[in-house]
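So this block is coords25.txt, compact mmCIF, C-alpha atoms and all ligand atoms:
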# COMPACT_ATOMS: atom_id res chain seq x y z
CA MET A 44 -6.91 -0.97 -16.11
CA ASN A 45 -4.36 0.69 -13.82
CA ILE A 46 -5.45 1.95 -10.42
CA ILE A 47 -3.98 3.58 -7.34
CA LEU A 48 -5.02 2.70 -3.80
CA LEU A 49 -4.45 5.85 -1.77
CA GLY A 50 -4.75 6.08 1.99
CA PRO A 51 -2.79 6.37 5.24
CA PRO A 52 -0.85 3.47 6.78
CA GLY A 53 -3.36 0.84 7.91
CA ALA A 54 -6.17 2.03 5.62
CA GLY A 55 -6.47 -1.46 4.09
CA LYS A 56 -4.63 -0.92 0.79
CA GLY A 57 -2.69 -4.19 0.90
CA THR A 58 -5.75 -6.21 1.95
CA GLN A 59 -7.85 -4.90 -0.93
CA ALA A 60 -5.00 -5.11 -3.45
CA ARG A 61 -4.59 -8.83 -2.73
CA HIS A 62 -8.27 -9.37 -3.38
CA LEU A 63 -8.05 -7.65 -6.77
CA VAL A 64 -5.04 -9.78 -7.66
CA GLU A 65 -6.99 -12.97 -6.87
CA THR A 66 -10.24 -12.03 -8.57
CA ARG A 67 -9.01 -10.03 -11.56
CA GLY A 68 -5.46 -11.15 -12.21
CA MET A 69 -4.18 -7.63 -11.68
CA ILE A 70 -0.59 -7.04 -10.58
CA GLN A 71 0.01 -5.53 -7.14
CA LEU A 72 2.90 -3.10 -7.05
CA SER A 73 3.59 -2.35 -3.40
CA THR A 74 6.63 -0.13 -2.96
CA GLY A 75 6.57 -1.05 0.75
CA ASP A 76 7.00 -4.75 -0.13
CA MET A 77 9.71 -3.95 -2.70
CA LEU A 78 11.59 -1.87 -0.16
CA ARG A 79 11.28 -4.60 2.48
CA ASP A 80 12.86 -6.99 -0.05
CA ALA A 81 15.59 -4.45 -0.81
CA ARG A 82 16.50 -4.09 2.85
CA THR A 83 17.21 -7.81 3.18
CA SER A 84 19.48 -7.73 0.12
CA GLY A 85 22.52 -6.65 2.16
CA THR A 86 23.39 -3.86 -0.28
CA GLU A 87 24.32 -0.32 0.73
CA MET A 88 20.99 0.91 -0.65
CA GLY A 89 19.20 -1.73 1.44
CA GLN A 90 20.86 -0.53 4.61
CA LYS A 91 19.97 3.09 3.95
CA VAL A 92 16.38 2.11 3.20
CA ALA A 93 16.11 0.08 6.43
CA GLU A 94 17.08 3.05 8.58
CA ILE A 95 14.57 5.36 6.90
CA MET A 96 11.73 2.82 7.06
CA ASP A 97 12.31 2.01 10.72
CA ALA A 98 12.13 5.72 11.50
CA GLY A 99 8.79 5.92 9.65
CA LYS A 100 10.11 8.43 7.12
CA LEU A 101 9.67 8.33 3.36
CA VAL A 102 12.41 6.83 1.22
CA THR A 103 13.69 9.16 -1.55
CA ASP A 104 11.56 9.64 -4.65
CA GLU A 105 14.46 8.53 -6.82
CA ILE A 106 14.64 5.08 -5.21
CA VAL A 107 10.91 4.29 -5.35
CA ILE A 108 10.43 5.67 -8.85
CA GLY A 109 13.31 3.45 -9.99
CA LEU A 110 11.66 0.41 -8.40
CA ILE A 111 8.32 1.14 -10.08
CA GLU A 112 9.89 1.74 -13.47
CA GLU A 113 11.63 -1.65 -13.29
CA GLN A 114 8.28 -3.37 -12.61
CA LEU A 115 6.40 -1.51 -15.36
CA THR A 116 9.03 -2.59 -17.81
CA THR A 117 9.11 -6.26 -16.84
CA LYS A 118 5.57 -7.22 -15.72
CA LYS A 119 2.45 -7.79 -17.79
CA GLY A 120 -1.10 -8.58 -16.65
CA ALA A 121 -4.63 -7.27 -16.35
CA GLY A 122 -3.46 -3.89 -15.09
CA PHE A 123 -1.41 -2.60 -12.20
CA ILE A 124 -2.56 -1.79 -8.68
CA PHE A 125 -0.29 0.85 -7.22
CA ASP A 126 -0.32 0.20 -3.47
CA GLY A 127 1.54 2.76 -1.38
CA PHE A 128 2.80 4.61 -4.47
CA PRO A 129 2.76 7.48 -5.31
CA ARG A 130 3.30 9.10 -1.92
CA THR A 131 4.55 12.54 -3.05
CA LEU A 132 3.60 14.94 -5.83
CA ALA A 133 6.95 14.25 -7.52
CA GLN A 134 6.11 10.52 -7.52
CA ALA A 135 2.65 11.25 -8.95
CA ASP A 136 4.16 13.25 -11.82
CA ALA A 137 6.75 10.54 -12.43
CA LEU A 138 4.00 7.92 -12.54
CA SER A 139 2.00 9.78 -15.21
CA ALA A 140 5.17 10.13 -17.27
CA LEU A 141 6.07 6.45 -16.86
CA LEU A 142 2.57 5.27 -17.77
CA ALA A 143 2.54 7.50 -20.85
CA LYS A 144 5.95 6.16 -21.86
CA HIS A 145 4.55 2.61 -21.72
CA GLY A 146 1.42 3.57 -23.66
CA GLN A 147 -0.75 3.20 -20.54
CA SER A 148 -3.01 5.42 -18.48
CA LEU A 149 -4.53 5.66 -15.04
CA HIS A 150 -8.11 4.48 -14.67
CA THR A 151 -9.04 5.43 -11.11
CA VAL A 152 -7.55 6.55 -7.83
CA ILE A 153 -9.39 4.95 -4.94
CA GLU A 154 -9.11 7.00 -1.79
CA MET A 155 -9.56 4.78 1.26
CA ARG A 156 -11.01 7.01 3.94
CA VAL A 157 -10.45 6.05 7.56
CA ASP A 158 -10.05 8.03 10.74
CA ASP A 159 -6.78 8.16 12.62
CA ASP A 160 -8.14 6.49 15.76
CA ALA A 161 -8.79 3.30 13.81
CA LEU A 162 -5.26 3.24 12.43
CA VAL A 163 -3.41 2.73 15.73
CA SER A 164 -5.39 -0.38 16.61
CA ARG A 165 -5.22 -1.75 13.07
CA ILE A 166 -1.45 -1.30 12.75
CA THR A 167 -0.52 -2.61 16.20
CA ALA A 168 -2.69 -5.71 15.59
CA ARG A 169 -1.37 -6.42 12.06
CA SER A 170 0.57 -9.55 11.08
CA THR A 171 1.25 -11.24 7.74
CA CYS A 172 1.89 -14.79 6.57
CA ALA A 173 5.65 -15.19 6.11
CA ASN A 174 5.06 -17.44 3.10
CA CYS A 175 2.35 -15.75 1.01
CA GLY A 176 1.91 -12.29 2.54
CA GLU A 177 -1.76 -12.75 3.48
CA VAL A 178 -2.64 -9.91 5.86
CA TYR A 179 -4.13 -10.71 9.28
CA ASN A 180 -5.38 -8.68 12.21
CA ASP A 181 -5.57 -9.92 15.82
CA ILE A 182 -9.00 -8.37 16.19
CA THR A 183 -10.71 -8.03 12.81
CA LYS A 184 -9.12 -10.89 10.85
CA PRO A 185 -7.42 -13.34 13.21
CA ILE A 186 -5.13 -16.16 12.10
CA PRO A 187 -7.27 -19.37 11.95
CA ALA A 188 -7.48 -21.33 15.22
CA ASP A 189 -5.38 -24.18 13.79
CA GLY A 190 -2.51 -21.69 13.34
CA LYS A 191 -2.41 -22.18 9.57
CA CYS A 192 -2.71 -19.46 6.93
CA SER A 193 -6.12 -19.69 5.24
CA ASN A 194 -4.54 -18.87 1.90
CA CYS A 195 -1.46 -21.13 1.76
CA GLY A 196 -1.48 -23.30 4.91
CA GLY A 197 1.78 -21.75 6.12
CA SER A 198 2.32 -21.58 9.87
CA GLU A 199 4.83 -18.76 10.19
CA PHE A 200 3.61 -15.22 10.67
CA LYS A 201 5.52 -11.97 11.08
CA ARG A 202 5.01 -8.49 12.41
CA ARG A 203 6.66 -5.44 10.89
CA ALA A 204 9.33 -3.61 12.90
CA ASP A 205 7.65 -0.29 12.05
CA ASP A 206 4.17 -1.37 13.20
CA ASN A 207 4.31 0.30 16.58
CA GLU A 208 2.63 3.42 17.93
CA GLU A 209 5.71 5.63 17.83
CA SER A 210 6.63 4.86 14.21
CA LEU A 211 2.99 5.16 13.21
CA ARG A 212 2.93 8.71 14.54
CA THR A 213 5.84 9.66 12.25
CA ARG A 214 4.29 7.77 9.32
CA LEU A 215 1.01 9.62 9.80
CA MET A 216 2.83 12.96 9.89
CA GLU A 217 4.61 12.04 6.65
CA TYR A 218 1.25 11.07 5.18
CA TYR A 219 -0.40 14.38 6.03
CA LYS A 220 2.57 16.50 4.97
CA LYS A 221 3.58 14.75 1.77
CA THR A 222 0.91 12.29 0.60
CA SER A 223 -2.44 13.87 1.44
CA PRO A 224 -1.89 16.66 -1.18
CA LEU A 225 -2.37 13.88 -3.74
CA ILE A 226 -6.05 13.78 -2.83
CA GLY A 227 -6.50 17.29 -4.23
CA TYR A 228 -4.18 16.55 -7.14
CA TYR A 229 -6.21 13.54 -8.33
CA TYR A 230 -9.53 15.19 -7.50
CA ALA A 231 -8.62 18.06 -9.83
CA LYS A 232 -7.70 15.56 -12.55
CA GLY A 233 -11.15 13.94 -12.11
CA ASP A 234 -9.66 10.56 -11.17
CA LEU A 235 -10.52 10.38 -7.46
CA ARG A 236 -13.15 8.00 -6.05
CA PRO A 237 -13.50 7.81 -2.26
CA VAL A 238 -14.57 4.67 -0.37
CA ASN A 239 -15.38 4.24 3.30
CA GLY A 240 -12.39 2.31 4.59
CA LEU A 241 -13.93 1.96 8.05
CA ALA A 242 -16.50 -0.56 6.85
CA ASP A 243 -15.90 -4.33 7.12
CA ILE A 244 -13.26 -5.76 4.78
CA LYS A 245 -15.94 -7.36 2.59
CA GLU A 246 -17.97 -4.15 2.37
CA VAL A 247 -14.89 -2.18 1.33
CA THR A 248 -14.23 -4.80 -1.34
CA ALA A 249 -17.81 -4.40 -2.59
CA SER A 250 -17.47 -0.60 -2.80
CA ILE A 251 -14.28 -0.97 -4.83
CA GLU A 252 -15.87 -3.57 -7.12
CA ALA A 253 -18.78 -1.19 -7.69
CA ILE A 254 -16.40 1.57 -8.75
CA LEU A 255 -14.28 -0.60 -11.03
CA GLY A 256 -17.28 -2.28 -12.62
P1 LIG B 1 1.84 1.06 5.11
O1 LIG B 1 1.34 -0.34 5.04
O2 LIG B 1 2.05 1.54 6.49
O3 LIG B 1 1.06 2.03 4.25
P2 LIG B 1 4.08 0.50 3.33
O4 LIG B 1 4.35 -0.95 3.45
O5 LIG B 1 3.39 0.97 2.10
O6 LIG B 1 3.34 1.04 4.61
O7 LIG B 1 5.44 1.31 3.47
C1 LIG B 1 6.34 1.08 4.55
C2 LIG B 1 7.46 2.10 4.50
O8 LIG B 1 8.17 1.99 3.26
C3 LIG B 1 7.02 3.56 4.56
O9 LIG B 1 6.86 4.01 5.90
C4 LIG B 1 8.21 4.26 3.86
O10 LIG B 1 9.34 4.33 4.72
C5 LIG B 1 8.55 3.27 2.75
N1 LIG B 1 7.79 3.54 1.51
C6 LIG B 1 6.86 2.72 0.93
N2 LIG B 1 6.39 3.25 -0.21
C7 LIG B 1 7.02 4.44 -0.37
C8 LIG B 1 6.96 5.48 -1.34
N3 LIG B 1 6.12 5.40 -2.39
N4 LIG B 1 7.75 6.58 -1.17
C9 LIG B 1 8.59 6.67 -0.13
N5 LIG B 1 8.69 5.73 0.83
C10 LIG B 1 7.93 4.63 0.73
P1 LIG B 2 -2.29 -0.81 4.44
O1 LIG B 2 -1.76 -1.69 3.32
O2 LIG B 2 -3.13 0.32 3.92
O3 LIG B 2 -1.26 -0.37 5.40
P2 LIG B 2 -3.47 -3.32 5.45
O4 LIG B 2 -4.26 -3.88 4.32
O5 LIG B 2 -2.16 -3.96 5.76
O6 LIG B 2 -3.31 -1.72 5.27
O7 LIG B 2 -4.41 -3.35 6.74
C1 LIG B 2 -3.93 -2.91 8.03
C2 LIG B 2 -4.51 -3.81 9.13
O8 LIG B 2 -5.93 -3.57 9.23
C3 LIG B 2 -4.37 -5.31 8.86
O9 LIG B 2 -4.17 -5.96 10.10
C4 LIG B 2 -5.70 -5.70 8.21
O10 LIG B 2 -6.04 -7.06 8.48
C5 LIG B 2 -6.68 -4.76 8.92
N1 LIG B 2 -7.79 -4.32 8.04
C6 LIG B 2 -7.74 -4.04 6.70
N2 LIG B 2 -8.94 -3.61 6.24
C7 LIG B 2 -9.78 -3.61 7.32
C8 LIG B 2 -11.16 -3.27 7.50
N3 LIG B 2 -11.92 -2.84 6.48
N4 LIG B 2 -11.68 -3.40 8.74
C9 LIG B 2 -10.93 -3.84 9.76
N5 LIG B 2 -9.63 -4.18 9.68
C10 LIG B 2 -9.04 -4.07 8.46
ZN ZN B 3 -0.06 -17.75 3.63
If you took the structure in this file and wrote it as structure tokens, what would it be?
Ligand code: ADP
Ligand code: ADP
Ligand code: ZN
Amino acid sequence: MNIILLGPPGAGKGTQARHLVETRGMIQLSTGDMLRDARTSGTEMGQKVAEIMDAGKLVTDEIVIGLIEEQLTTKKGAGFIFDGFPRTLAQADALSALLAKHGQSLHTVIEMRVDDDALVSRITARSTCANCGEVYNDITKPIPADGKCSNCGGSEFKRRADDNEESLRTRLMEYYKKTSPLIGYYYAKGDLRPVNGLADIKEVTASIEAILG
């Protein structure tokens, strides 16, 4: 079963994807994580990617489609969770073609609905475990009082350079201009299932579980 988690920055895609990985053995394909790895690689592509990401703009379709294709070819598991991909109509078309090429199809697109006011506070309060990537939030999901990650026991946490109000404004504009048309695209295909992303993390998980069955 292959699914897409669709929603603006801070909607909770990464948080819910990690849960599906743990409970169902699915494979999370986060283009954001792949690009963050690429930028530390010291290559020319990495440097270009870093500048675009820090500005809050979208990286070219060619780069992210290439990253996804590599993963589809090399990874096997109980289905893929596309987290933060596709983000443009060209990426959506490329994904259908890639899935078809690998004899696979798309099961559901889960649209995580949140309002913009919630996103600023979520993003500016976000941190992740440097070791395992567990996602925390200063307000809604704080790091345990002993300073150790509840998932792996690690004690180092990081904040993203682009998780500030100014970059978020650009990222939201990119979302509305380039990614939100995908809502209509998948609705017309009959694949779209909305969930209320403003509910508690556990309630959002329950809504997604109910959809996936
Ligand atoms: P968020 O958690 O805010 O949704 P991501 O970690 O998914 O953000 O992405 C961070 C940045 O990486 C984006 O702002 C963009 O620059 C780049 N990026 C990630 N996925 C894509 C994609 N599918 N297409 C283009 N750029 C992407
Ligand atoms: P995305 O991957 O869509 O950018 P994340 O999963 O990284 O979003 O979540 C963004 C921030 O909001 C994180 O700090 C996370 O802990 C927090 N968060 C995620 N889901 C919820 C929720 N349902 N309610 C409150 N906070 C949430
Ligand atoms: Zn951890």
Would you write out, as a tab-separated table, a table of all residues in chain A that have an atom no more than 8 Å from an atom of ligand ZN 3 (chain B), listing for each the closest atom pair and the distance in Å to one decimal, considering all atoms listed in the file and ordering rows by chain and rising residue number?
residue	atom	partner	partner_atom	distance
A:Thr171	CA	B:ZN3	ZN	7.8
A:Cys172	CA	B:ZN3	ZN	4.6
A:Ala173	CA	B:ZN3	ZN	6.7
A:Asn174	CA	B:ZN3	ZN	5.2
A:Cys175	CA	B:ZN3	ZN	4.1
A:Gly176	CA	B:ZN3	ZN	5.9
A:Glu177	CA	B:ZN3	ZN	5.3
A:Lys191	CA	B:ZN3	ZN	7.8
A:Cys192	CA	B:ZN3	ZN	4.6
A:Ser193	CA	B:ZN3	ZN	6.6
A:Asn194	CA	B:ZN3	ZN	4.9
A:Cys195	CA	B:ZN3	ZN	4.1
A:Gly196	CA	B:ZN3	ZN	5.9
A:Gly197	CA	B:ZN3	ZN	5.1
A:Ser198	CA	B:ZN3	ZN	7.7
Report summary line: From the list A:Ser139, A:Ser164, A:Thr213, A:Ser148, the nearest residue to ligand LIG 1 (chain B) using all atoms listed in the file is A:Thr213
Query raised in the report: Which protein, DNA or RNA residues have an atom within 7 Å of ligand LIG 2 (chain B), counting all atoms listed in the file, as a ChimeraX atom specification?
Result: /A:50-59,165-166,168-170,178-180,183-184,240-244,247
Query - Distance of atom CA of A:Arg130 from atom CA of A:Lys220, expressed in Å to one decimal place - result: 10.1 Å
Report task. Kindly provide, as number ranges by chain, all nucleotide and amino acid residues lying within 7 Å of ligand LIG 1 (chain B), counting only C-alpha atoms and all ligand atoms. Result -> A: 51-53, 57, 73-76, 78, 95-96, 99-104, 107, 126-130, 214
Kindly list the centre and edge lengths in Å, rounded to one decimal, for the axis-aligned box that covers all listed atoms of stretch 134-149 of chain A plus 6 Å on each of its six sides, as JSON.
{"center_x": 1.1, "center_y": 7.9, "center_z": -15.6, "size_x": 23.3, "size_y": 22.6, "size_z": 28.1}
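Atom to atom, atom CA of A:Gly122 and atom CA of A:Leu72 stand 10.3 Å apart.
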